[in-house]
file data.cif (mmCIF, C-alpha atoms, pLDDT in the B column; chains and numbers go by the auth columns)
data_target
loop_
_atom_site.group_PDB
_atom_site.id
_atom_site.type_symbol
_atom_site.label_atom_id
_atom_site.label_comp_id
_atom_site.label_asym_id
_atom_site.label_seq_id
_atom_site.Cartn_x
_atom_site.Cartn_y
_atom_site.Cartn_z
_atom_site.B_iso_or_equiv
_atom_site.auth_seq_id
_atom_site.auth_asym_id
ATOM 1 C CA MET A 1 19.447 3.667 -7.379 37.00 25 A
ATOM 2 C CA ASN A 2 21.393 4.520 -4.234 41.00 26 A
ATOM 3 C CA GLN A 3 19.783 2.350 -1.571 46.00 27 A
ATOM 4 C CA ALA A 4 21.351 4.404 1.212 49.00 28 A
ATOM 5 C CA GLN A 5 19.497 7.571 0.180 84.00 29 A
ATOM 6 C CA TRP A 6 16.593 6.777 2.495 91.00 30 A
ATOM 7 C CA SER A 7 16.872 5.237 5.920 93.00 31 A
ATOM 8 C CA VAL A 8 14.676 4.597 8.930 94.00 32 A
ATOM 9 C CA PHE A 9 15.194 5.478 12.578 96.00 33 A
ATOM 10 C CA VAL A 10 12.897 4.228 15.335 96.00 34 A
ATOM 11 C CA GLU A 11 12.179 5.805 18.713 95.00 35 A
ATOM 12 C CA ALA A 12 12.066 3.654 21.852 90.00 36 A
ATOM 13 C CA GLU A 13 8.247 3.619 21.871 90.00 37 A
ATOM 14 C CA GLY A 14 8.174 2.524 18.234 91.00 38 A
ATOM 15 C CA LYS A 15 7.561 5.744 16.297 93.00 39 A
ATOM 16 C CA VAL A 16 9.186 5.478 12.878 95.00 40 A
ATOM 17 C CA HIS A 17 11.034 8.235 11.000 95.00 41 A
ATOM 18 C CA VAL A 18 11.810 7.629 7.320 94.00 42 A
ATOM 19 C CA ILE A 19 14.541 10.123 6.494 94.00 43 A
ATOM 20 C CA GLU A 20 16.220 11.140 3.250 92.00 44 A
ATOM 21 C CA LEU A 21 19.964 11.217 3.901 93.00 45 A
ATOM 22 C CA ILE A 22 20.988 14.248 1.883 91.00 46 A
ATOM 23 C CA SER A 23 23.447 17.015 2.686 91.00 47 A
ATOM 24 C CA GLY A 24 22.256 20.340 4.034 93.00 48 A
ATOM 25 C CA VAL A 25 20.621 21.637 7.176 94.00 49 A
ATOM 26 C CA ARG A 26 16.838 21.374 7.019 94.00 50 A
ATOM 27 C CA LYS A 27 13.827 20.812 9.243 93.00 51 A
ATOM 28 C CA ILE A 28 12.785 17.171 9.598 92.00 52 A
ATOM 29 C CA LYS A 29 9.295 16.667 10.973 88.00 53 A
ATOM 30 C CA GLY A 30 9.384 15.320 14.512 90.00 54 A
ATOM 31 C CA LEU A 31 13.152 15.684 14.885 94.00 55 A
ATOM 32 C CA GLY A 32 13.934 19.356 14.382 93.00 56 A
ATOM 33 C CA VAL A 33 16.598 21.080 12.292 94.00 57 A
ATOM 34 C CA LEU A 34 19.676 19.064 11.322 94.00 58 A
ATOM 35 C CA ASP A 35 21.955 17.905 8.518 94.00 59 A
ATOM 36 C CA ALA A 36 20.666 14.350 8.085 94.00 60 A
ATOM 37 C CA LEU A 37 23.594 13.147 5.995 93.00 61 A
ATOM 38 C CA GLU A 38 26.233 14.323 8.456 93.00 62 A
ATOM 39 C CA THR A 39 24.328 13.382 11.611 93.00 63 A
ATOM 40 C CA LEU A 40 22.836 10.021 10.660 95.00 64 A
ATOM 41 C CA SER A 41 24.575 8.422 7.666 92.00 65 A
ATOM 42 C CA LYS A 42 27.452 6.911 9.675 93.00 66 A
ATOM 43 C CA ILE A 43 25.168 5.202 12.194 96.00 67 A
ATOM 44 C CA ASN A 44 25.152 1.420 11.627 96.00 68 A
ATOM 45 C CA TYR A 45 22.081 -0.780 11.796 95.00 69 A
ATOM 46 C CA GLY A 46 21.237 -1.537 15.417 96.00 70 A
ATOM 47 C CA GLU A 47 23.153 1.466 16.752 97.00 71 A
ATOM 48 C CA GLU A 48 21.570 4.360 18.644 96.00 72 A
ATOM 49 C CA VAL A 49 21.954 8.078 18.068 96.00 73 A
ATOM 50 C CA LEU A 50 20.745 11.030 20.154 95.00 74 A
ATOM 51 C CA VAL A 51 18.853 13.642 18.107 94.00 75 A
ATOM 52 C CA GLY A 52 17.687 16.484 20.316 89.00 76 A
ATOM 53 C CA GLN A 53 16.198 14.638 23.287 90.00 77 A
ATOM 54 C CA LYS A 54 15.178 11.557 21.304 94.00 78 A
ATOM 55 C CA VAL A 55 17.134 8.321 21.197 96.00 79 A
ATOM 56 C CA LEU A 56 16.822 6.752 17.754 97.00 80 A
ATOM 57 C CA THR A 57 17.895 3.324 16.529 97.00 81 A
ATOM 58 C CA ARG A 58 18.746 2.790 12.881 96.00 82 A
ATOM 59 C CA VAL A 59 17.154 -0.317 11.329 95.00 83 A
ATOM 60 C CA PRO A 60 16.885 -1.651 7.742 93.00 84 A
ATOM 61 C CA LEU A 61 14.212 0.033 5.646 91.00 85 A
ATOM 62 C CA ARG A 62 11.853 -2.835 4.889 92.00 86 A
ATOM 63 C CA LEU A 63 8.177 -2.743 3.950 93.00 87 A
ATOM 64 C CA PRO A 64 6.763 -2.556 7.536 93.00 88 A
ATOM 65 C CA GLU A 65 9.009 0.400 8.386 93.00 89 A
ATOM 66 C CA MET A 66 8.223 2.097 5.073 92.00 90 A
ATOM 67 C CA SER A 67 4.499 1.694 5.779 92.00 91 A
ATOM 68 C CA LYS A 68 4.705 2.974 9.368 91.00 92 A
ATOM 69 C CA GLY A 69 6.756 5.999 8.328 91.00 93 A
ATOM 70 C CA MET A 70 4.843 6.836 5.141 92.00 94 A
ATOM 71 C CA LEU A 71 3.270 10.215 4.421 90.00 95 A
ATOM 72 C CA ARG A 72 -0.493 10.121 4.956 87.00 96 A
ATOM 73 C CA ARG A 73 -3.486 12.011 3.713 80.00 97 A
ATOM 74 C CA ALA A 74 -6.231 9.543 2.806 75.00 98 A
ATOM 75 C CA GLN A 75 -6.924 6.458 4.917 76.00 99 A
ATOM 76 C CA THR A 76 -4.574 3.609 4.058 83.00 100 A
ATOM 77 C CA ILE A 77 -5.264 -0.093 3.579 89.00 101 A
ATOM 78 C CA SER A 78 -3.833 -1.896 6.612 86.00 102 A
ATOM 79 C CA ALA A 79 -1.263 -4.695 6.554 89.00 103 A
ATOM 80 C CA LYS A 80 -4.034 -7.077 7.641 91.00 104 A
ATOM 81 C CA ASP A 81 -6.077 -6.403 4.518 95.00 105 A
ATOM 82 C CA ALA A 82 -3.114 -5.835 2.181 94.00 106 A
ATOM 83 C CA GLY A 83 -1.646 -9.236 3.031 94.00 107 A
ATOM 84 C CA PHE A 84 -4.944 -10.981 2.369 95.00 108 A
ATOM 85 C CA ILE A 85 -5.518 -9.112 -0.896 97.00 109 A
ATOM 86 C CA THR A 86 -2.098 -9.818 -2.369 96.00 110 A
ATOM 87 C CA SER A 87 -1.961 -13.459 -1.279 96.00 111 A
ATOM 88 C CA ARG A 88 -5.488 -14.376 -2.380 97.00 112 A
ATOM 89 C CA MET A 89 -4.941 -12.682 -5.728 97.00 113 A
ATOM 90 C CA GLY A 90 -1.883 -14.896 -6.176 96.00 114 A
ATOM 91 C CA ILE A 91 0.169 -12.126 -7.759 96.00 115 A
ATOM 92 C CA GLY A 92 3.925 -12.053 -8.232 97.00 116 A
ATOM 93 C CA PRO A 93 6.752 -11.135 -10.624 97.00 117 A
ATOM 94 C CA ASN A 94 5.772 -10.579 -14.296 97.00 118 A
ATOM 95 C CA ASP A 95 2.163 -9.839 -13.362 98.00 119 A
ATOM 96 C CA ARG A 96 0.232 -6.775 -14.506 98.00 120 A
ATOM 97 C CA ILE A 97 -1.808 -5.016 -11.811 98.00 121 A
ATOM 98 C CA LEU A 98 -4.319 -2.178 -12.121 98.00 122 A
ATOM 99 C CA GLU A 99 -5.085 -0.263 -8.919 98.00 123 A
ATOM 100 C CA ALA A 100 -7.807 2.401 -8.878 98.00 124 A
ATOM 101 C CA GLY A 101 -8.168 4.615 -5.816 96.00 125 A
ATOM 102 C CA ILE A 102 -4.632 4.699 -4.403 93.00 126 A
ATOM 103 C CA GLY A 103 -5.246 7.016 -1.439 90.00 127 A
ATOM 104 C CA SER A 104 -1.885 7.600 0.238 92.00 128 A
ATOM 105 C CA GLY A 105 -0.254 4.664 -1.559 94.00 129 A
ATOM 106 C CA GLY A 106 -0.191 2.160 1.298 94.00 130 A
ATOM 107 C CA LEU A 107 -1.321 -0.823 -0.769 96.00 131 A
ATOM 108 C CA SER A 108 0.705 0.432 -3.733 97.00 132 A
ATOM 109 C CA MET A 109 3.911 -0.158 -1.794 96.00 133 A
ATOM 110 C CA TYR A 110 2.881 -3.735 -0.970 96.00 134 A
ATOM 111 C CA LEU A 111 2.198 -4.334 -4.649 97.00 135 A
ATOM 112 C CA ALA A 112 5.504 -2.805 -5.707 97.00 136 A
ATOM 113 C CA ARG A 113 7.416 -5.003 -3.276 95.00 137 A
ATOM 114 C CA ILE A 114 5.726 -8.140 -4.647 96.00 138 A
ATOM 115 C CA LEU A 115 5.884 -7.364 -8.372 97.00 139 A
ATOM 116 C CA GLY A 116 9.597 -6.556 -8.489 95.00 140 A
ATOM 117 C CA ASN A 117 11.347 -5.323 -11.623 97.00 141 A
ATOM 118 C CA SER A 118 9.381 -7.506 -14.034 97.00 142 A
ATOM 119 C CA GLY A 119 5.860 -6.418 -13.070 98.00 143 A
ATOM 120 C CA ILE A 120 3.621 -3.690 -14.472 98.00 144 A
ATOM 121 C CA HIS A 121 1.712 -1.542 -11.984 98.00 145 A
ATOM 122 C CA VAL A 122 -0.807 1.031 -13.226 98.00 146 A
ATOM 123 C CA THR A 123 -2.421 3.334 -10.668 98.00 147 A
ATOM 124 C CA VAL A 124 -5.441 5.591 -11.192 98.00 148 A
ATOM 125 C CA GLU A 125 -6.589 8.347 -8.837 96.00 149 A
ATOM 126 C CA PRO A 126 -8.944 11.287 -9.569 94.00 150 A
ATOM 127 C CA ARG A 127 -7.849 13.426 -6.605 92.00 151 A
ATOM 128 C CA SER A 128 -4.498 15.095 -7.186 91.00 152 A
ATOM 129 C CA GLU A 129 -4.127 15.990 -3.494 92.00 153 A
ATOM 130 C CA HIS A 130 -4.153 12.267 -2.676 89.00 154 A
ATOM 131 C CA ALA A 131 -2.070 11.246 -5.662 93.00 155 A
ATOM 132 C CA ASP A 132 0.707 13.693 -4.762 95.00 156 A
ATOM 133 C CA VAL A 133 1.156 12.020 -1.368 95.00 157 A
ATOM 134 C CA ALA A 134 0.931 8.508 -2.802 95.00 158 A
ATOM 135 C CA LEU A 135 3.459 9.200 -5.541 96.00 159 A
ATOM 136 C CA GLU A 136 5.912 10.654 -3.022 95.00 160 A
ATOM 137 C CA ASN A 137 5.612 7.468 -0.954 94.00 161 A
ATOM 138 C CA MET A 138 6.182 5.433 -4.111 96.00 162 A
ATOM 139 C CA ARG A 139 9.252 7.533 -4.925 94.00 163 A
ATOM 140 C CA ARG A 140 10.695 6.762 -1.502 93.00 164 A
ATOM 141 C CA ALA A 141 10.112 3.050 -2.061 94.00 165 A
ATOM 142 C CA LYS A 142 11.626 3.071 -5.545 95.00 166 A
ATOM 143 C CA GLU A 143 14.758 4.826 -4.296 93.00 167 A
ATOM 144 C CA SER A 144 15.085 2.464 -1.315 92.00 168 A
ATOM 145 C CA TRP A 145 14.517 -0.998 -2.804 92.00 169 A
ATOM 146 C CA SER A 146 16.672 -2.873 -5.291 92.00 170 A
ATOM 147 C CA GLU A 147 13.623 -3.891 -7.366 96.00 171 A
ATOM 148 C CA PHE A 148 10.570 -1.899 -8.380 97.00 172 A
ATOM 149 C CA PRO A 149 7.911 -2.496 -11.041 98.00 173 A
ATOM 150 C CA ASN A 150 7.293 -0.554 -14.221 98.00 174 A
ATOM 151 C CA HIS A 151 4.898 1.952 -12.634 98.00 175 A
ATOM 152 C CA HIS A 152 2.549 4.293 -14.481 98.00 176 A
ATOM 153 C CA HIS A 153 0.113 6.741 -12.907 98.00 177 A
ATOM 154 C CA ILE A 154 -3.024 8.179 -14.527 98.00 178 A
ATOM 155 C CA GLU A 155 -5.025 11.026 -13.010 96.00 179 A
ATOM 156 C CA GLY A 156 -8.782 10.751 -13.430 97.00 180 A
ATOM 157 C CA ALA A 157 -11.797 8.563 -12.738 97.00 181 A
ATOM 158 C CA VAL A 158 -11.038 5.007 -13.810 98.00 182 A
ATOM 159 C CA GLU A 159 -14.231 4.801 -15.895 97.00 183 A
ATOM 160 C CA GLU A 160 -12.985 7.738 -17.996 97.00 184 A
ATOM 161 C CA VAL A 161 -9.385 6.640 -18.620 98.00 185 A
ATOM 162 C CA VAL A 162 -9.748 3.049 -19.850 98.00 186 A
ATOM 163 C CA GLU A 163 -8.082 3.834 -23.174 98.00 187 A
ATOM 164 C CA GLN A 164 -5.123 5.395 -21.368 98.00 188 A
ATOM 165 C CA ILE A 165 -4.886 2.271 -19.223 98.00 189 A
ATOM 166 C CA ARG A 166 -4.807 0.130 -22.375 98.00 190 A
ATOM 167 C CA ASP A 167 -1.727 2.052 -23.517 98.00 191 A
ATOM 168 C CA PHE A 168 0.223 0.256 -20.791 98.00 192 A
ATOM 169 C CA SER A 169 -1.427 -3.173 -21.015 98.00 193 A
ATOM 170 C CA GLU A 170 -4.402 -4.664 -22.852 97.00 194 A
ATOM 171 C CA GLU A 171 -4.969 -7.148 -20.025 98.00 195 A
ATOM 172 C CA PHE A 172 -4.318 -7.292 -16.289 98.00 196 A
ATOM 173 C CA ASP A 173 -3.715 -10.277 -14.002 98.00 197 A
ATOM 174 C CA GLY A 174 -5.247 -8.405 -11.095 98.00 198 A
ATOM 175 C CA ILE A 175 -7.450 -5.349 -10.560 98.00 199 A
ATOM 176 C CA ILE A 176 -7.978 -3.627 -7.191 98.00 200 A
ATOM 177 C CA LEU A 177 -10.735 -1.052 -6.682 98.00 201 A
ATOM 178 C CA ASP A 178 -10.795 1.128 -3.550 97.00 202 A
ATOM 179 C CA LEU A 179 -13.522 3.576 -4.520 95.00 203 A
ATOM 180 C CA PRO A 180 -16.625 5.262 -3.064 92.00 204 A
ATOM 181 C CA GLU A 181 -18.745 3.610 -5.770 94.00 205 A
ATOM 182 C CA HIS A 182 -17.785 0.335 -7.444 97.00 206 A
ATOM 183 C CA PRO A 183 -20.367 -0.789 -10.046 98.00 207 A
ATOM 184 C CA SER A 184 -19.495 1.691 -12.801 98.00 208 A
ATOM 185 C CA ALA A 185 -15.784 0.994 -12.326 98.00 209 A
ATOM 186 C CA ILE A 186 -16.371 -2.765 -12.429 98.00 210 A
ATOM 187 C CA ASN A 187 -18.318 -2.391 -15.674 98.00 211 A
ATOM 188 C CA ALA A 188 -15.530 -0.294 -17.181 98.00 212 A
ATOM 189 C CA VAL A 189 -12.482 -2.369 -16.215 98.00 213 A
ATOM 190 C CA SER A 190 -13.721 -5.972 -15.967 98.00 214 A
ATOM 191 C CA PRO A 191 -13.081 -6.494 -19.725 98.00 215 A
ATOM 192 C CA LEU A 192 -9.391 -5.825 -18.957 98.00 216 A
ATOM 193 C CA LEU A 193 -9.173 -8.747 -16.511 98.00 217 A
ATOM 194 C CA SER A 194 -7.375 -11.736 -18.017 98.00 218 A
ATOM 195 C CA VAL A 195 -8.645 -15.312 -17.723 98.00 219 A
ATOM 196 C CA GLY A 196 -7.505 -16.576 -14.324 97.00 220 A
ATOM 197 C CA GLY A 197 -7.218 -13.029 -13.030 98.00 221 A
ATOM 198 C CA ARG A 198 -8.891 -11.670 -9.916 98.00 222 A
ATOM 199 C CA LEU A 199 -10.638 -8.422 -9.102 98.00 223 A
ATOM 200 C CA VAL A 200 -10.779 -7.108 -5.526 98.00 224 A
ATOM 201 C CA CYS A 201 -13.135 -4.456 -4.165 98.00 225 A
ATOM 202 C CA TYR A 202 -12.403 -2.674 -0.878 96.00 226 A
ATOM 203 C CA CYS A 203 -15.784 -1.695 0.606 96.00 227 A
ATOM 204 C CA PRO A 204 -16.059 0.181 3.938 91.00 228 A
ATOM 205 C CA VAL A 205 -19.835 -0.420 4.271 94.00 229 A
ATOM 206 C CA THR A 206 -22.197 -3.298 3.471 96.00 230 A
ATOM 207 C CA SER A 207 -24.172 -1.416 0.819 96.00 231 A
ATOM 208 C CA GLN A 208 -20.977 -1.016 -1.207 97.00 232 A
ATOM 209 C CA LEU A 209 -20.219 -4.711 -0.797 97.00 233 A
ATOM 210 C CA GLU A 210 -23.649 -5.714 -2.074 98.00 234 A
ATOM 211 C CA ALA A 211 -23.477 -3.347 -5.039 98.00 235 A
ATOM 212 C CA ALA A 212 -20.001 -4.598 -5.979 98.00 236 A
ATOM 213 C CA TRP A 213 -21.139 -8.226 -5.670 98.00 237 A
ATOM 214 C CA ILE A 214 -24.044 -7.676 -8.059 98.00 238 A
ATOM 215 C CA ALA A 215 -21.886 -5.738 -10.540 98.00 239 A
ATOM 216 C CA CYS A 216 -19.215 -8.457 -10.585 98.00 240 A
ATOM 217 C CA GLU A 217 -21.797 -11.159 -11.302 98.00 241 A
ATOM 218 C CA GLN A 218 -23.333 -9.050 -14.062 98.00 242 A
ATOM 219 C CA ALA A 219 -19.834 -8.676 -15.551 98.00 243 A
ATOM 220 C CA GLY A 220 -19.475 -12.461 -15.726 97.00 244 A
ATOM 221 C CA LEU A 221 -17.139 -12.818 -12.764 98.00 245 A
ATOM 222 C CA GLU A 222 -17.373 -15.531 -10.109 98.00 246 A
ATOM 223 C CA ILE A 223 -17.421 -14.408 -6.474 98.00 247 A
ATOM 224 C CA GLU A 224 -14.682 -16.365 -4.692 97.00 248 A
ATOM 225 C CA TRP A 225 -14.837 -14.744 -1.267 98.00 249 A
ATOM 226 C CA ALA A 226 -16.548 -11.863 0.527 97.00 250 A
ATOM 227 C CA GLY A 227 -16.283 -10.776 4.148 96.00 251 A
ATOM 228 C CA GLU A 228 -14.057 -8.980 6.629 94.00 252 A
ATOM 229 C CA LEU A 229 -10.924 -9.877 8.552 92.00 253 A
ATOM 230 C CA ILE A 230 -10.807 -9.568 12.334 89.00 254 A
ATOM 231 C CA GLU A 231 -7.457 -8.919 13.995 86.00 255 A
ATOM 232 C CA ARG A 232 -6.905 -9.654 17.700 86.00 256 A
ATOM 233 C CA GLN A 233 -3.672 -8.625 19.385 87.00 257 A
ATOM 234 C CA TRP A 234 -2.172 -10.409 22.401 92.00 258 A
ATOM 235 C CA GLY A 235 0.165 -9.098 25.073 92.00 259 A
ATOM 236 C CA LYS A 236 1.914 -10.114 28.282 92.00 260 A
ATOM 237 C CA ALA A 237 -0.255 -10.407 31.382 91.00 261 A
ATOM 238 C CA SER A 238 0.889 -8.599 34.541 86.00 262 A
ATOM 239 C CA LYS A 239 0.945 -11.859 36.548 86.00 263 A
ATOM 240 C CA GLY A 240 2.613 -13.919 33.872 89.00 264 A
ATOM 241 C CA GLY A 241 1.519 -15.565 30.661 94.00 265 A
ATOM 242 C CA VAL A 242 -0.039 -13.930 27.626 95.00 266 A
ATOM 243 C CA ARG A 243 -3.645 -13.006 26.890 90.00 267 A
ATOM 244 C CA PRO A 244 -5.722 -11.002 24.391 88.00 268 A
ATOM 245 C CA VAL A 245 -5.232 -7.258 24.698 87.00 269 A
ATOM 246 C CA ASN A 246 -8.321 -5.427 25.943 82.00 270 A
ATOM 247 C CA GLY A 247 -9.947 -3.213 23.353 74.00 271 A
ATOM 248 C CA PRO A 248 -12.490 -3.106 20.535 70.00 272 A
ATOM 249 C CA PHE A 249 -12.177 -5.020 17.309 72.00 273 A
ATOM 250 C CA GLY A 250 -11.766 -2.264 14.741 74.00 274 A
ATOM 251 C CA HIS A 251 -13.472 -2.519 11.351 81.00 275 A
ATOM 252 C CA THR A 252 -11.457 -1.547 8.286 88.00 276 A
ATOM 253 C CA ALA A 253 -13.500 -2.721 5.299 92.00 277 A
ATOM 254 C CA PHE A 254 -15.363 -5.564 3.691 96.00 278 A
ATOM 255 C CA LEU A 255 -13.446 -7.294 0.912 97.00 279 A
ATOM 256 C CA LEU A 256 -14.822 -8.873 -2.247 98.00 280 A
ATOM 257 C CA LEU A 257 -12.706 -11.210 -4.357 98.00 281 A
ATOM 258 C CA ALA A 258 -13.994 -12.063 -7.841 98.00 282 A
ATOM 259 C CA TYR A 259 -12.472 -14.484 -10.380 98.00 283 A
ATOM 260 C CA ARG A 260 -12.547 -14.663 -14.185 98.00 284 A
ATOM 261 C CA ARG A 261 -12.823 -18.319 -15.121 96.00 285 A
ATOM 262 C CA SER A 262 -13.413 -17.853 -18.847 91.00 286 A
#
call {"tool": "encode", "arguments": {"input": "data.cif", "output": "structure tokens"}}
result
Amino acid sequence: MNQAQWSVFVEAEGKVHVIELISGVRKIKGLGVLDALETLSKINYGEEVLVGQKVLTRVPLRLPEMSKGMLRRAQTISAKDAGFITSRMGIGPNDRILEAGIGSGGLSMYLARILGNSGIHVTVEPRSEHADVALENMRRAKESWSEFPNHHHIEGAVEEVVEQIRDFSEEFDGIILDLPEHPSAINAVSPLLSVGGRLVCYCPVTSQLEAAWIACEQAGLEIEWAGELIERQWGKASKGGVRPVNGPFGHTAFLLLAYRRS
């Protein structure tokens, strides 16, 4: 893949533009009409360029920039939760991951970055309008990074496509469920979880957390951790020093981590 095909340009206030550097005049959202290849491809990392009335700085296209500049439709899993999920699952190269409920593909890009060329990543999503956005974000990532897992996408409810999932792997080292209703999915896919593997449920409300907890125990899984992560940002104080930034603590979701011991 040509790693220069996609690049990222950042405005002074931090807004990120992920741009495909191809020839031809076209409209680029937020920047206007221009030939991206001719206007932007010769700008080096760290250099600025004036596009319309906006001053942009070109920077390397890493995961944070890809996430900030991704296309969005459904709500995405934040870096706070994605980092916890991937680290506590203990996943890495050669692993096989099943992800049901991909939304806009935010977590999918974290998984792809971790799994590298040797991993298998199967995604399942019943809503084509969400999947289209997620798969476009995944395409950007694949064309931008030197390594990318063997990715397969299945459209449908995960409970109804288990046999299609098995076509790609009989077992998975990790399963992630971001769904409106978890128990039926847990019942359907828990037999695919390998010994030593972990299943994660992303639950916006407590009733979902409780239902997922019960379903995991009924499926013979051990609950390792359940709860939520609180993020508190700090900034510079006007009279010197640093302090917590004023503002509410936003809730994203409750997380449930279950383990297959035997």
call {"tool": "atom_distance", "arguments": {"input": "data.cif", "atom1": "CA of Gly114 (chain A)", "atom2": "CA of Trp169 (chain A)"}}
result
21.8 Å
call {"tool": "closest_residue", "arguments": {"input": "data.cif", "among": "A:Thr63, A:Asn161, A:Leu122, A:Ser168", "to": "Ser31 (chain A)", "atoms": "all atoms listed in the file"}}
result
A:Ser168
call {"tool": "axis_aligned_box", "arguments": {"input": "data.cif", "around": "region 191-209 of chain A", "padding_each_side": "8 Å", "output": "AutoDock Vina command-line options"}}
result
--center_x -10.1 --center_y -2.5 --center_z -13.3 --size_x 36.6 --size_y 31.5 --size_z 36.5
call {"tool": "closest_residue", "arguments": {"input": "data.cif", "among": "A:Val42, A:Met133, A:Leu159, A:Leu253", "to": "Asp105 (chain A)", "atoms": "only C-alpha atoms"}}
result
A:Leu253
call {"tool": "closest_residue", "arguments": {"input": "data.cif", "among": "A:Met113, A:Leu95, A:Leu55, A:Leu217", "to": "Ser193 (chain A)", "atoms": "all atoms listed in the file"}}
result
A:Leu217
call {"tool": "atom_distance", "arguments": {"input": "data.cif", "atom1": "CA of Thr81 (chain A)", "atom2": "CA of Ala36 (chain A)"}}
result
7.9 Å
call {"tool": "resolve_selection", "arguments": {"input": "data.cif", "expression": "the PyMOL selection byres ((chain A and resi 241) around 12)", "output": "list in words"}}
result
Pro207, Ile210, Asn211, Ser214, Leu223, Glu234, Ala235, Ala236, Trp237, Ile238, Ala239, Cys240, Gln242, Ala243, Gly244, Leu245, Glu246, Ile247, Glu248, Leu280, Leu281, Ala282, Tyr283 and Arg284 of chain A
call {"tool": "write_last_selection", "arguments": {"input": "data.cif", "atoms": "C-alpha atoms", "output": "PDB file, in the frame of the given file"}}
result
ATOM      1  CA  PRO A 207     -20.367  -0.789 -10.046  1.00 98.00           C
ATOM      2  CA  ILE A 210     -16.371  -2.765 -12.429  1.00 98.00           C
ATOM      3  CA  ASN A 211     -18.318  -2.391 -15.674  1.00 98.00           C
ATOM      4  CA  SER A 214     -13.721  -5.972 -15.967  1.00 98.00           C
ATOM      5  CA  LEU A 223     -10.638  -8.422  -9.102  1.00 98.00           C
ATOM      6  CA  GLU A 234     -23.649  -5.714  -2.074  1.00 98.00           C
ATOM      7  CA  ALA A 235     -23.477  -3.347  -5.039  1.00 98.00           C
ATOM      8  CA  ALA A 236     -20.001  -4.598  -5.979  1.00 98.00           C
ATOM      9  CA  TRP A 237     -21.139  -8.226  -5.670  1.00 98.00           C
ATOM     10  CA  ILE A 238     -24.044  -7.676  -8.059  1.00 98.00           C
ATOM     11  CA  ALA A 239     -21.886  -5.738 -10.540  1.00 98.00           C
ATOM     12  CA  CYS A 240     -19.215  -8.457 -10.585  1.00 98.00           C
ATOM     13  CA  GLN A 242     -23.333  -9.050 -14.062  1.00 98.00           C
ATOM     14  CA  ALA A 243     -19.834  -8.676 -15.551  1.00 98.00           C
ATOM     15  CA  GLY A 244     -19.475 -12.461 -15.726  1.00 97.00           C
ATOM     16  CA  LEU A 245     -17.139 -12.818 -12.764  1.00 98.00           C
ATOM     17  CA  GLU A 246     -17.373 -15.531 -10.109  1.00 98.00           C
ATOM     18  CA  ILE A 247     -17.421 -14.408  -6.474  1.00 98.00           C
ATOM     19  CA  GLU A 248     -14.682 -16.365  -4.692  1.00 97.00           C
ATOM     20  CA  LEU A 280     -14.822  -8.873  -2.247  1.00 98.00           C
ATOM     21  CA  LEU A 281     -12.706 -11.210  -4.357  1.00 98.00           C
ATOM     22  CA  ALA A 282     -13.994 -12.063  -7.841  1.00 98.00           C
ATOM     23  CA  TYR A 283     -12.472 -14.484 -10.380  1.00 98.00           C
ATOM     24  CA  ARG A 284     -12.547 -14.663 -14.185  1.00 98.00           C
TER      25      ARG A 284
END
call {"tool": "resolve_selection", "arguments": {"input": "data.cif", "expression": "the PyMOL selection byres ((chain A and resi 225) around 6)", "output": "PyMOL selection string"}}
result
chain A and resi 201+224+226+279-280
call {"tool": "closest_residue", "arguments": {"input": "data.cif", "among": "A:Asn270, A:Ser47, A:Gln99, A:Ser142", "to": "Arg256 (chain A)", "atoms": "only C-alpha atoms"}}
result
A:Asn270
call {"tool": "closest_residue", "arguments": {"input": "data.cif", "among": "A:Gln232, A:Ser152, A:Asn68, A:Thr110", "to": "Tyr134 (chain A)", "atoms": "only C-alpha atoms"}}
result
A:Thr110
call {"tool": "resolve_selection", "arguments": {"input": "data.cif", "expression": "the PyMOL selection byres ((chain A and resi 104) around 12)", "output": "list in words"}}
result
Pro88, Thr100, Ile101, Ser102, Ala103, Asp105, Ala106, Gly107, Phe108, Ile109, Thr110, Ser111, Gly130, Leu131, Tyr134, Glu252, Leu253, Ile254, Glu255, Arg256, Gln257, Gly274, His275, Thr276, Ala277 and Leu279 of chain A
call {"tool": "write_last_selection", "arguments": {"input": "data.cif", "atoms": "C-alpha atoms", "output": "compact mmCIF listing (two decimals), in the frame of the given file"}}
result
# COMPACT_ATOMS: atom_id res chain seq x y z
CA PRO A 88 6.76 -2.56 7.54
CA THR A 100 -4.57 3.61 4.06
CA ILE A 101 -5.26 -0.09 3.58
CA SER A 102 -3.83 -1.90 6.61
CA ALA A 103 -1.26 -4.70 6.55
CA ASP A 105 -6.08 -6.40 4.52
CA ALA A 106 -3.11 -5.84 2.18
CA GLY A 107 -1.65 -9.24 3.03
CA PHE A 108 -4.94 -10.98 2.37
CA ILE A 109 -5.52 -9.11 -0.90
CA THR A 110 -2.10 -9.82 -2.37
CA SER A 111 -1.96 -13.46 -1.28
CA GLY A 130 -0.19 2.16 1.30
CA LEU A 131 -1.32 -0.82 -0.77
CA TYR A 134 2.88 -3.74 -0.97
CA GLU A 252 -14.06 -8.98 6.63
CA LEU A 253 -10.92 -9.88 8.55
CA ILE A 254 -10.81 -9.57 12.33
CA GLU A 255 -7.46 -8.92 14.00
CA ARG A 256 -6.90 -9.65 17.70
CA GLN A 257 -3.67 -8.62 19.39
CA GLY A 274 -11.77 -2.26 14.74
CA HIS A 275 -13.47 -2.52 11.35
CA THR A 276 -11.46 -1.55 8.29
CA ALA A 277 -13.50 -2.72 5.30
CA LEU A 279 -13.45 -7.29 0.91
call {"tool": "atom_distance", "arguments": {"input": "data.cif", "atom1": "CA of Val49 (chain A)", "atom2": "CA of Arg86 (chain A)"}}
result
26.1 Å
call {"tool": "residues_around", "arguments": {"input": "data.cif", "residues": "region 194-198 of chain A", "least_positions_apart": "5", "cutoff": "9 Å", "atoms": "all atoms listed in the file", "output": "PyMOL selection string"}}
result
chain A and resi 113-115+119-123+144+189+215-224
